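Remarks on the structure that follows.
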Amino acid sequence: MMHLIEETTDYLKEKGFDNPEIGIILGTGLGQLINHVEIIKEVSYNHIPNFPTATVEFHKGKLIYGILEGKKVIVMQGRFHIYEGYSLQDVTYPVRIMKQLGISTLLVSNASGALNLNYKKGDLMLIEDHINLQGGSPLAFKGVELLGERFTDMSAPYNQKINTLFENIAKTHHIKLHKGIYVSVVGPQLETRAEYRMLKLIGADAVGMSTVPEIIVANHLKLKAAAVSVLTDECDPENLKKVNISEIIEIASKAESKMIILFKELIKTL
């Protein structure tokens, strides 16, 4: 994998991706942060050597380099999921590239369902811990020790200093920001009533199909990592309604302005 990483990194450096400080992964329906970035370079995923290609219709599929709040950032506008047929190594390959280019901090967003019924559609949740139910690990491959410690510590996968800053920013701007545990499943099908009951029983507050692999690799690479979920639906097994994907995207888009404030104000302080 090291040869592939070097090839991809060299390509992006030639394109002008010069020592970014912060990496950002934008989740489903959460692409408007790009409008606040002074874009210097952007490259479609399908032009980048060894990069996966986003296949989900509401994911843009661009890697963007620019300035946000005075900091050099690299932004994934669209992410990858194992439900697209990718391996966990594919899904997390961009995190390894961003690290190789120079980032020291990774910020992640996602759209997820609220298992905690005290949380409502359109609310934000700061992830303080997670449960991996994706059936594997992005570190489970031969030669992983050449890229970082094989037995990566996950006692505190989300950076406490950054999380505290997020909480303070939310208070200052009167943004409701829950804290909770995120569980990542494979998808792409949504959960059954019985599965929602199980996920609540094991302690999860929100469920989605991403983020955990990227956070695992961020910890493998010793990056400071944090993640915020936009809660787009309420997963009440006793009152479960049919899923409306267009409604989920609309709710994510409406809530995104709050997430943008959190990310921009945080980046000012880093």
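Each chain of the structure tokens is named A, B, ... in the order shown, its residues numbered from 1; ligands are numbered from 1 in display order.
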Check: Skipping near chain neighbours, those fewer than 6 positions away, what residues fall within 8 Å of A:Thr232 using only C-alpha atoms, listed as number ranges by chain?
Finding: A: 111-114, 121-123, 248-249, 251-252
Next item on the list: Pick out each residue of stretch 39-77 of chain A that DSSP on the backbone tags as strand (DSSP E); I need them as a PyMOL selection string.
Entry: chain A and resi 39-44+62-68+71-77
Next item on the list: Kindly indicate which residue among A:Asn118, A:Lys62, A:Leu26, A:Asn132 lies nearest to A:Lys41, using only C-alpha atoms for the distances.
Entry: A:Lys62
Check: Got a sec: who's within 12 Å of stretch 192-201 of chain A, counting only C-alpha atoms, leaving out chain neighbours fewer than 6 positions off, as a ChimeraX atom specification?
Finding: /A:113-117,130-133,180-185,207-208,234-243
Go ahead and dump the residues you just picked, N, CA and C atoms, as an mmCIF file, in the first residue's frame.
```
data_model
loop_
_atom_site.group_PDB
_atom_site.id
_atom_site.type_symbol
_atom_site.label_atom_id
_atom_site.label_comp_id
_atom_site.auth_asym_id
_atom_site.auth_seq_id
_atom_site.Cartn_x
_atom_site.Cartn_y
_atom_site.Cartn_z
ATOM 1 N N GLY A 113 -29.223 8.523 12.054
ATOM 2 C CA GLY A 113 -30.543 8.409 12.654
ATOM 3 C C GLY A 113 -30.461 8.461 14.166
ATOM 4 N N ALA A 114 -31.412 9.137 14.795
ATOM 5 C CA ALA A 114 -31.422 9.279 16.253
ATOM 6 C C ALA A 114 -32.082 8.064 16.894
ATOM 7 N N LEU A 115 -31.279 7.299 17.631
ATOM 8 C CA LEU A 115 -31.798 6.187 18.429
ATOM 9 C C LEU A 115 -32.269 6.684 19.787
ATOM 10 N N ASN A 116 -31.556 7.664 20.306
ATOM 11 C CA ASN A 116 -31.948 8.306 21.559
ATOM 12 C C ASN A 116 -33.155 9.194 21.269
ATOM 13 N N LEU A 117 -34.293 8.842 21.814
ATOM 14 C CA LEU A 117 -35.525 9.542 21.455
ATOM 15 C C LEU A 117 -35.656 10.914 22.103
ATOM 16 N N HIS A 130 -17.773 5.404 19.928
ATOM 17 C CA HIS A 130 -18.500 4.695 18.875
ATOM 18 C C HIS A 130 -18.488 3.192 19.090
ATOM 19 N N ILE A 131 -19.364 2.519 18.342
ATOM 20 C CA ILE A 131 -19.438 1.058 18.296
ATOM 21 C C ILE A 131 -19.302 0.651 16.828
ATOM 22 N N ASN A 132 -18.379 -0.244 16.555
ATOM 23 C CA ASN A 132 -18.137 -0.694 15.181
ATOM 24 C C ASN A 132 -18.906 -1.984 14.915
ATOM 25 N N LEU A 133 -19.961 -1.894 14.095
ATOM 26 C CA LEU A 133 -20.704 -3.078 13.681
ATOM 27 C C LEU A 133 -20.600 -3.281 12.169
ATOM 28 N N GLY A 180 -22.998 11.960 22.315
ATOM 29 C CA GLY A 180 -23.493 10.595 22.338
ATOM 30 C C GLY A 180 -22.598 9.594 21.650
ATOM 31 N N ILE A 181 -23.092 8.371 21.622
ATOM 32 C CA ILE A 181 -22.359 7.235 21.045
ATOM 33 C C ILE A 181 -22.961 6.909 19.683
ATOM 34 N N TYR A 182 -22.087 6.802 18.708
ATOM 35 C CA TYR A 182 -22.477 6.531 17.324
ATOM 36 C C TYR A 182 -22.167 5.075 17.002
ATOM 37 N N VAL A 183 -23.125 4.379 16.411
ATOM 38 C CA VAL A 183 -22.884 3.010 15.977
ATOM 39 C C VAL A 183 -22.894 2.986 14.452
ATOM 40 N N SER A 184 -21.881 2.345 13.885
ATOM 41 C CA SER A 184 -21.754 2.266 12.430
ATOM 42 C C SER A 184 -22.091 0.863 11.951
ATOM 43 N N VAL A 185 -23.053 0.788 11.021
ATOM 44 C CA VAL A 185 -23.485 -0.485 10.443
ATOM 45 C C VAL A 185 -23.122 -0.496 8.956
ATOM 46 N N VAL A 207 -27.237 6.115 14.748
ATOM 47 C CA VAL A 207 -26.764 5.049 13.873
ATOM 48 C C VAL A 207 -26.531 5.600 12.469
ATOM 49 N N GLY A 208 -25.444 5.133 11.859
ATOM 50 C CA GLY A 208 -25.128 5.519 10.488
ATOM 51 C C GLY A 208 -24.292 4.449 9.818
ATOM 52 N N GLU A 234 -35.747 10.029 13.168
ATOM 53 C CA GLU A 234 -35.923 9.516 14.526
ATOM 54 C C GLU A 234 -36.270 8.026 14.449
ATOM 55 N N CYS A 235 -35.425 7.215 15.045
ATOM 56 C CA CYS A 235 -35.511 5.759 14.889
ATOM 57 C C CYS A 235 -36.260 5.142 16.067
ATOM 58 N N ASP A 236 -37.547 5.409 16.111
ATOM 59 C CA ASP A 236 -38.399 4.901 17.185
ATOM 60 C C ASP A 236 -39.052 3.603 16.718
ATOM 61 N N PRO A 237 -38.612 2.463 17.231
ATOM 62 C CA PRO A 237 -39.150 1.188 16.742
ATOM 63 C C PRO A 237 -40.640 1.011 17.004
ATOM 64 N N GLU A 238 -41.183 1.760 17.967
ATOM 65 C CA GLU A 238 -42.610 1.622 18.279
ATOM 66 C C GLU A 238 -43.473 2.504 17.383
ATOM 67 N N ASN A 239 -42.846 3.440 16.685
ATOM 68 C CA ASN A 239 -43.587 4.343 15.784
ATOM 69 C C ASN A 239 -42.787 4.557 14.495
ATOM 70 N N LEU A 240 -42.371 3.459 13.899
ATOM 71 C CA LEU A 240 -41.456 3.546 12.760
ATOM 72 C C LEU A 240 -42.214 3.855 11.474
ATOM 73 N N LYS A 241 -41.709 4.868 10.765
ATOM 74 C CA LYS A 241 -42.314 5.246 9.488
ATOM 75 C C LYS A 241 -41.380 4.853 8.344
ATOM 76 N N LYS A 242 -41.949 4.761 7.135
ATOM 77 C CA LYS A 242 -41.136 4.440 5.970
ATOM 78 C C LYS A 242 -40.075 5.506 5.753
ATOM 79 N N VAL A 243 -38.909 5.057 5.313
ATOM 80 C CA VAL A 243 -37.809 5.992 5.083
ATOM 81 C C VAL A 243 -38.053 6.795 3.810
#
```
Notebook entry, point to check: Between atom CA of A:Leu266 and atom CA of A:Ile215, what is the distance, to one decimal in Å?
Noted result: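 Answer for the atom CA of A:Leu266 to atom CA of A:Ile215 separation: 18.3 Å.
Summary of the local environment: counting only C-alpha atoms, residues at most 7 Å from A:Glu38, other than itself and those fewer than 2 positions away along its chain, are His36, Ile40, Gly66, Ile67 and Leu68 of chain A.
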Note to self: Could you list, as a list in words, every residue within 8 Å of A:Val217, counting only C-alpha atoms and ignoring same-chain residues fewer than 6 positions away?
What the structure shows: Thr92, Val95, Arg96, Pro138 and Leu139 of chain A
